[in-house]
$ cat my_file.cif   # mmCIF, C-alpha atoms
data_my_file
loop_
_atom_site.label_atom_id
_atom_site.label_comp_id
_atom_site.auth_asym_id
_atom_site.auth_seq_id
_atom_site.Cartn_x
_atom_site.Cartn_y
_atom_site.Cartn_z
CA MET A 1 -26.36 16.38 55.08
CA ARG A 2 -24.96 19.47 53.39
CA ILE A 3 -21.44 20.88 53.41
CA PHE A 4 -20.80 24.62 53.70
CA LEU A 5 -17.49 26.22 52.76
CA GLY A 6 -16.59 29.27 54.84
CA PHE A 7 -13.59 31.45 53.95
CA PHE A 8 -12.26 33.98 56.46
CA GLY A 9 -9.41 36.37 57.20
CA ILE A 10 -7.85 38.40 54.39
CA THR A 11 -7.54 37.32 50.77
CA ARG A 12 -3.91 38.43 50.83
CA SER A 13 -2.52 35.97 48.24
CA LEU A 14 -5.59 34.36 46.71
CA ARG A 15 -4.29 34.78 43.17
CA HIS A 16 -1.48 32.41 44.18
CA THR A 17 -3.66 29.91 46.07
CA ILE A 18 -6.91 29.70 44.06
CA GLY A 19 -5.50 26.91 41.89
CA SER A 20 -4.90 24.69 44.91
CA ILE A 21 -8.31 25.54 46.38
CA THR A 22 -9.98 24.57 43.11
CA LYS A 23 -7.98 21.37 42.67
CA HIS A 24 -8.00 20.06 46.22
CA ILE A 25 -11.31 21.35 47.59
CA PHE A 26 -13.80 22.45 44.92
CA GLU A 27 -13.17 19.69 42.38
CA PRO A 28 -13.30 16.71 44.81
CA LEU A 29 -16.66 17.99 46.11
CA GLN A 30 -17.99 18.39 42.58
CA GLN A 31 -16.83 14.88 41.67
CA ALA A 32 -18.65 13.51 44.73
CA GLY A 33 -21.86 15.19 43.67
CA PHE A 34 -21.83 18.04 46.20
CA ALA A 35 -22.50 21.67 45.35
CA PRO A 36 -21.78 23.40 48.67
CA ALA A 37 -22.72 27.00 49.32
CA ARG A 38 -19.63 29.16 49.65
CA TYR A 39 -19.51 32.07 52.08
CA GLY A 40 -16.77 34.48 52.97
CA HIS A 41 -15.88 37.31 55.31
CA PHE A 42 -12.72 39.28 54.76
CA HIS A 43 -11.03 42.33 56.21
CA LEU A 44 -9.47 44.72 53.73
CA PRO A 45 -6.35 46.44 55.11
CA ASP A 46 -4.82 49.37 53.28
CA GLY A 47 -1.68 47.28 52.99
CA ILE A 48 0.15 44.48 54.77
CA PHE A 49 2.80 45.57 57.23
CA ASN A 50 4.00 42.53 59.16
CA ARG A 51 7.59 42.40 60.34
CA ARG A 52 7.13 38.84 61.62
CA SER A 53 6.15 37.58 58.14
CA GLY A 54 8.48 39.89 56.21
CA GLU A 55 5.68 41.78 54.44
CA PHE A 56 6.09 45.54 54.25
CA GLY A 57 3.54 47.82 52.59
CA LEU A 58 2.20 45.18 50.20
CA ALA A 59 -1.11 46.12 48.59
CA ILE A 60 -4.31 44.07 48.81
CA ASP A 61 -6.35 43.34 45.68
CA ARG A 62 -9.85 44.38 46.74
CA GLU A 63 -11.46 42.36 43.94
CA GLU A 64 -9.67 39.09 44.68
CA ALA A 65 -12.53 37.52 46.64
CA ALA A 66 -14.46 37.19 43.36
CA LEU A 67 -12.15 34.29 42.45
CA LEU A 68 -13.93 32.15 45.06
CA GLU A 69 -17.37 32.60 43.44
CA LEU A 70 -19.08 33.07 46.80
CA GLN A 71 -22.83 32.93 47.33
CA GLY A 72 -22.53 35.29 50.29
CA CYS A 73 -19.67 37.65 51.08
CA GLN A 74 -18.98 40.50 53.48
CA LEU A 75 -16.00 42.82 53.12
CA ASP A 76 -15.01 45.13 55.97
CA GLN A 77 -12.31 47.73 56.13
CA GLN A 78 -9.64 46.56 58.59
CA HIS A 79 -10.09 49.34 61.12
CA PRO A 80 -8.51 49.11 64.61
CA ALA A 81 -11.78 50.14 66.27
CA LEU A 82 -13.34 46.82 65.20
CA ILE A 83 -11.03 44.84 67.50
CA ALA A 84 -10.25 47.45 70.16
CA GLU A 85 -12.03 45.65 73.01
CA THR A 86 -10.55 42.24 72.21
CA LEU A 87 -7.03 43.60 71.72
CA ALA A 88 -7.30 45.47 75.02
CA ILE A 89 -7.70 42.10 76.73
CA ALA A 90 -4.51 40.85 75.06
CA HIS A 91 -2.62 43.91 76.28
CA ARG A 92 -3.25 42.93 79.91
CA TYR A 93 -0.91 39.97 79.43
CA PRO A 94 2.56 39.34 77.96
CA ASP A 95 2.88 39.26 74.16
CA PRO A 96 3.61 35.62 73.21
CA TYR A 97 4.65 36.62 69.68
CA GLY A 98 7.14 39.27 70.77
CA ASP A 99 6.23 41.83 68.10
CA ASN A 100 4.54 44.54 70.15
CA TYR A 101 1.12 42.85 69.80
CA SER A 102 1.09 43.13 65.99
CA SER A 103 0.40 39.40 65.59
CA ALA A 104 -2.11 39.55 68.43
CA ALA A 105 -3.97 42.26 66.50
CA ASN A 106 -3.96 40.09 63.38
CA LEU A 107 -5.37 37.24 65.45
CA CYS A 108 -8.12 39.51 66.76
CA PHE A 109 -9.08 40.43 63.20
CA GLN A 110 -9.11 36.75 62.24
CA LEU A 111 -11.35 35.89 65.19
CA ARG A 112 -13.72 38.73 64.30
CA SER A 113 -13.77 37.56 60.69
CA LEU A 114 -14.80 34.07 61.80
CA HIS A 115 -17.60 35.50 63.92
CA GLU A 116 -18.91 37.60 61.03
CA LEU A 117 -18.65 34.59 58.72
CA TRP A 118 -20.78 32.60 61.14
CA ASN A 119 -23.44 35.32 61.02
CA LEU A 120 -23.66 34.68 57.26
CA ILE A 121 -23.85 30.88 57.57
CA GLU A 122 -25.98 30.43 60.67
CA PRO A 123 -29.39 31.26 59.10
CA GLN A 124 -28.89 28.50 56.54
CA ILE A 125 -27.45 25.67 58.61
CA THR A 126 -29.22 22.69 60.20
CA GLU A 127 -28.06 20.16 62.80
CA GLN A 128 -27.17 17.63 60.10
CA ASP A 129 -24.84 19.94 58.19
CA TRP A 130 -21.06 20.38 58.29
CA VAL A 131 -18.90 23.46 57.78
CA VAL A 132 -15.38 23.64 56.37
CA PHE A 133 -13.49 26.71 57.58
CA LEU A 134 -10.78 27.74 55.14
CA ARG A 135 -8.20 30.49 54.93
CA PRO A 136 -7.84 31.84 51.39
CA ASP A 137 -4.12 32.55 51.88
CA LEU A 138 -3.23 28.85 52.20
CA LEU A 139 -1.77 26.72 49.42
CA TYR A 140 -3.51 23.38 50.00
CA LEU A 141 -1.03 20.63 49.15
CA ASP A 142 -3.31 17.62 49.53
CA ARG A 143 -6.76 16.63 48.36
CA LEU A 144 -9.50 17.22 50.93
CA ASP A 145 -11.93 14.40 50.23
CA LEU A 146 -14.55 16.07 52.39
CA PRO A 147 -17.44 13.57 52.02
CA ASN A 148 -15.21 10.71 53.17
CA ILE A 149 -13.62 12.80 55.91
CA VAL A 150 -17.04 13.81 57.24
CA ALA A 151 -18.23 10.20 57.10
CA GLY A 152 -15.18 9.10 59.08
CA LEU A 153 -15.66 11.81 61.69
CA SER A 154 -19.30 10.80 62.06
CA ARG A 155 -18.32 7.17 62.64
CA GLN A 156 -15.84 8.28 65.32
CA ASN A 157 -18.42 10.59 66.94
CA ALA A 158 -15.98 13.46 66.41
CA ASP A 159 -17.31 17.02 66.30
CA LEU A 160 -14.33 18.80 64.81
CA ALA A 161 -11.19 18.00 62.82
CA VAL A 162 -8.09 20.19 62.66
CA PRO A 163 -4.63 19.72 61.11
CA ALA A 164 -2.34 17.42 63.08
CA TRP A 165 0.78 19.47 62.37
CA GLN A 166 2.06 22.63 64.09
CA PRO A 167 -0.18 22.55 67.18
CA TRP A 168 2.15 24.97 69.03
CA GLY A 169 0.99 23.75 72.42
CA GLY A 170 -2.71 23.70 71.49
CA LEU A 171 -4.68 22.96 68.32
CA ASN A 172 -3.84 24.09 64.80
CA ASP A 173 -6.34 26.77 63.71
CA ARG A 174 -5.41 27.08 60.02
CA PHE A 175 -8.49 25.25 58.72
CA ALA A 176 -11.11 22.97 60.20
CA ILE A 177 -14.07 20.69 59.47
CA ALA A 178 -16.90 20.85 61.98
CA ASN A 179 -20.43 19.64 62.57
CA ALA A 180 -23.07 22.31 63.13
CA ARG A 181 -22.62 22.59 66.92
CA ALA A 182 -18.83 22.60 66.75
CA ALA A 183 -18.90 25.09 63.87
CA GLN A 184 -20.75 27.60 66.03
CA ILE A 185 -18.25 27.16 68.86
CA TYR A 186 -15.22 27.30 66.53
CA ALA A 187 -16.42 30.41 64.73
CA THR A 188 -17.46 32.41 67.78
CA ARG A 189 -14.51 31.76 70.05
CA ILE A 190 -13.74 35.48 70.10
CA THR A 191 -16.38 35.55 72.85
CA ARG A 192 -14.11 33.33 74.99
CA VAL A 193 -10.93 35.42 74.66
CA GLU A 194 -11.20 36.94 78.13
CA ALA A 195 -11.70 33.60 79.89
CA ALA A 196 -8.96 31.93 77.83
CA THR A 197 -6.32 34.61 78.35
CA LYS A 198 -7.05 34.66 82.07
CA LYS A 199 -6.48 30.90 82.19
CA ILE A 200 -3.56 30.70 79.75
CA GLY A 201 -1.84 33.98 80.59
CA ALA A 202 -1.71 35.31 77.01
CA LEU A 203 -3.72 35.58 73.82
CA HIS A 204 -2.34 32.84 71.58
CA ALA A 205 -4.12 31.33 68.59
CA GLU A 206 -3.59 27.61 69.09
CA THR A 207 -4.01 27.57 72.87
CA LEU A 208 -7.17 29.68 72.57
CA LEU A 209 -8.66 27.05 70.27
CA ALA A 210 -7.62 24.22 72.61
CA PHE A 211 -9.12 26.07 75.58
CA THR A 212 -12.40 26.60 73.72
CA VAL A 213 -12.62 23.01 72.55
CA GLY A 214 -11.89 21.70 76.04
CA ALA A 215 -14.36 24.01 77.74
CA GLN A 216 -17.13 22.90 75.37
CA ARG A 217 -16.14 19.22 75.50
CA LEU A 218 -15.81 18.85 71.76
CA ARG A 219 -14.36 15.62 70.39
CA VAL A 220 -11.49 16.37 68.04
CA GLY A 221 -10.05 14.43 65.11
CA ARG A 222 -6.80 15.16 63.31
CA LEU A 223 -6.22 15.86 59.62
CA GLN A 224 -2.99 14.96 57.84
CA GLN A 225 -3.70 17.19 54.84
CA ARG A 226 -1.12 19.96 54.57
CA ALA A 227 -1.35 23.63 53.67
CA LEU A 228 1.28 26.35 53.35
CA ARG A 229 0.75 29.96 54.32
CA ILE A 230 1.43 32.10 51.26
CA ARG A 231 2.50 35.68 51.81
CA ALA A 232 1.16 38.60 49.78
CA ASN A 233 4.34 38.49 47.68
CA GLY A 234 3.61 34.88 46.68
CA LYS A 235 6.30 33.37 48.89
CA PRO A 236 5.53 30.57 51.38
CA ALA A 237 6.09 30.97 55.11
CA GLN A 238 9.54 29.51 55.69
CA ASN A 239 8.69 27.54 58.84
CA ASP A 240 5.87 25.81 56.92
CA VAL A 241 8.31 24.83 54.19
CA VAL A 242 10.68 23.38 56.79
CA CYS A 243 7.84 21.63 58.66
CA PHE A 244 6.73 19.71 55.57
CA GLY A 245 10.20 18.95 54.23
CA LEU A 246 9.67 20.99 51.07
CA SER A 247 12.23 22.81 48.99
CA PRO A 248 11.72 25.57 46.42
CA VAL A 249 12.18 24.29 42.86
CA GLY A 250 11.96 26.59 39.85
CA GLY A 251 9.72 29.05 41.62
CA GLY A 252 7.45 26.27 42.88
CA LEU A 253 7.70 23.72 45.64
CA LYS A 254 8.82 20.12 45.55
CA ALA A 255 8.23 17.58 48.31
CA ASN A 256 11.28 15.74 49.62
CA VAL A 257 9.12 13.04 51.16
CA SER A 258 7.41 10.13 49.45
#
$ encode --input "my_file.cif" --output "structure tokens"
Amino acid sequence: MRIFLGFFGITRSLRHTIGSITKHIFEPLQQAGFAPARYGHFHLPDGIFNRRSGEFGLAIDREEAALLELQGCQLDQQHPALIAETLAIAHRYPDPYGDNYSSAANLCFQLRSLHELWNLIEPQITEQDWVVFLRPDLLYLDRLDLPNIVAGLSRQNADLAVPAWQPWGGLNDRFAIANARAAQIYATRITRVEAATKKIGALHAETLLAFTVGAQRLRVGRLQQRALRIRANGKPAQNDVVCFGLSPVGGGLKANVS
């Protein structure tokens, strides 16, 4: 068995999150004797303009991905033409995010990034291997003891594990651990957008993942490990802070729970 690490999306705030990725993901694997291959696909926007997240015109560091020390990496300019067909499907239905399909467009880019990431990983993977899908803009608050997690999922005959928190009516899609078959399904779910939106009535991240998992009869486990979305300005997403009972302390974060 081998473990692959796959990073996707936009680097966005990696300079703020790399410490947590190293401490809670890279180091536990190294201590367990694993040296996983690291792959990444990222879109590079000219800047981040997201009213929903409160980010306006923030620049992207185009060299940030180097912090992850990836064995394989693909960087694509974030051009609307890349997601035009997928976003057109979303426009046939109401906008569940209520921001004139801006968040839907971001979701389409994320789904495309996952698909491109899979194209990098697929030639190397075997049926016995596992893939960990990770967003680089997350501050991982808890240790991901991946060898033990994978062993537990194998004992439970589970194909995929996702965070237990913030399911928003479906399955949390922030990060995931998957066996080879489930990894392919998880990473290529952009191909199921049309069927999912027709069934659900909108393009929505968590319900799309739940639809895909259900359609493919994947067995799903839940992860308690937490992660905060970190904006390009270094600030955490406020609803994540509230969800985990955290409070800002001296520029950092302090847990209010034992």
$ resolve_selection --input "my_file.cif" --expression "the PyMOL selection byres ((chain A and resi 15) around 12)" --output "list in words"
Thr11, Arg12, Ser13, Leu14, His16, Thr17, Ile18, Gly19, Ser20, Ile21, Thr22, Ile60, Asp61, Arg62, Glu63, Glu64, Ala65, Ala66, Leu67, Leu68, Pro136, Asp137, Leu138, Leu139, Ile230, Arg231, Ala232, Asn233 and Gly234 of chain A
$ closest_residue --input "my_file.cif" --among "A:Asp173, A:Asp99, A:Asp129, A:Glu85" --to "A:Glu194" --atoms "only C-alpha atoms"
A:Glu85
$ atom_distance --input "my_file.cif" --atom1 "atom CA of A:Ala215" --atom2 "atom CA of A:Leu228"
29.1 Å
$ atom_distance --input "my_file.cif" --atom1 "atom CA of A:Asn100" --atom2 "atom CA of A:Leu208"
19.1 Å
$ closest_residue --input "my_file.cif" --among "A:Gly40, A:Pro147, A:Pro94, A:Pro80" --to "A:Ile25" --atoms "only C-alpha atoms"
A:Pro147
$ closest_residue --input "my_file.cif" --among "A:Ile190, A:Leu107, A:Ala180, A:Cys243" --to "A:Ala164" --atoms "all atoms listed in the file"
A:Cys243
$ closest_residue --input "my_file.cif" --among "A:Arg226, A:Arg174, A:His91, A:Arg219" --to "A:Thr197" --atoms "all atoms listed in the file"
A:His91
$ residues_around --input "my_file.cif" --residues "A:Asn148" --least-positions-apart "5" --cutoff "10 Å" --atoms "all atoms listed in the file" --output "CSV table (one decimal) with C-alpha atoms, in the coordinates of the input"
chain,number,residue,atom,x,y,z
A,32,ALA,CA,-18.6,13.5,44.7
A,153,LEU,CA,-15.7,11.8,61.7
A,154,SER,CA,-19.3,10.8,62.1
$ closest_residue --input "my_file.cif" --among "A:Gln166, A:Gln71, A:Gln78, A:Asn157" --to "A:Ile121" --atoms "all atoms listed in the file"
A:Gln71
$ closest_residue --input "my_file.cif" --among "A:Asp145, A:Gln74, A:Val131, A:Arg181" --to "A:Pro28" --atoms "all atoms listed in the file"
A:Asp145
$ resolve_selection --input "my_file.cif" --expression "the PyMOL selection byres ((chain A and resi 82) around 12)" --output "PyMOL selection string"
chain A and resi 43+76-81+83-88+105-106+108-113+116
$ residues_around --input "my_file.cif" --residues "A:Ala210" --least-positions-apart "3" --cutoff "6 Å" --atoms "all atoms listed in the file" --output "PyMOL selection string"
chain A and resi 170-171+207+213
$ atom_distance --input "my_file.cif" --atom1 "atom CA of A:Trp118" --atom2 "atom CA of A:Thr188"
7.4 Å
$ resolve_selection --input "my_file.cif" --expression "the PyMOL selection byres ((chain A and resi 128) around 10)" --output "list in words"
Met1, Arg2, Ile3, Ile125, Thr126, Glu127, Asp129, Trp130, Asn179, Ala180 and Arg181 of chain A
$ residues_around --input "my_file.cif" --residues "A:Pro163" --least-positions-apart "6" --cutoff "12 Å" --atoms "only C-alpha atoms" --output "compact mmCIF listing (two decimals) with C-alpha atoms, in the frame of the given file"
# COMPACT_ATOMS: atom_id res chain seq x y z
CA PHE A 133 -13.49 26.71 57.58
CA LEU A 134 -10.78 27.74 55.14
CA TYR A 140 -3.51 23.38 50.00
CA ASP A 142 -3.31 17.62 49.53
CA LEU A 144 -9.50 17.22 50.93
CA GLY A 170 -2.71 23.70 71.49
CA LEU A 171 -4.68 22.96 68.32
CA ASN A 172 -3.84 24.09 64.80
CA ASP A 173 -6.34 26.77 63.71
CA ARG A 174 -5.41 27.08 60.02
CA PHE A 175 -8.49 25.25 58.72
CA ALA A 176 -11.11 22.97 60.20
CA ILE A 177 -14.07 20.69 59.47
CA GLU A 206 -3.59 27.61 69.09
CA VAL A 220 -11.49 16.37 68.04
CA GLY A 221 -10.05 14.43 65.11
CA ARG A 222 -6.80 15.16 63.31
CA LEU A 223 -6.22 15.86 59.62
CA GLN A 224 -2.99 14.96 57.84
CA GLN A 225 -3.70 17.19 54.84
CA ARG A 226 -1.12 19.96 54.57
CA ALA A 227 -1.35 23.63 53.67
CA LEU A 228 1.28 26.35 53.35
$ residues_around --input "my_file.cif" --residues "A:Pro36" --least-positions-apart "3" --cutoff "9 Å" --atoms "all atoms listed in the file" --output "PDB file with C-alpha atoms, in the coordinates of the input"
ATOM      1  CA  ARG A   2     -24.960  19.470  53.390  1.00  0.00           C
ATOM      2  CA  ILE A   3     -21.440  20.880  53.410  1.00  0.00           C
ATOM      3  CA  PHE A   4     -20.800  24.620  53.700  1.00  0.00           C
ATOM      4  CA  LEU A   5     -17.490  26.220  52.760  1.00  0.00           C
ATOM      5  CA  PHE A  26     -13.800  22.450  44.920  1.00  0.00           C
ATOM      6  CA  LEU A  29     -16.660  17.990  46.110  1.00  0.00           C
ATOM      7  CA  GLN A  30     -17.990  18.390  42.580  1.00  0.00           C
TER       8      GLN A  30
END
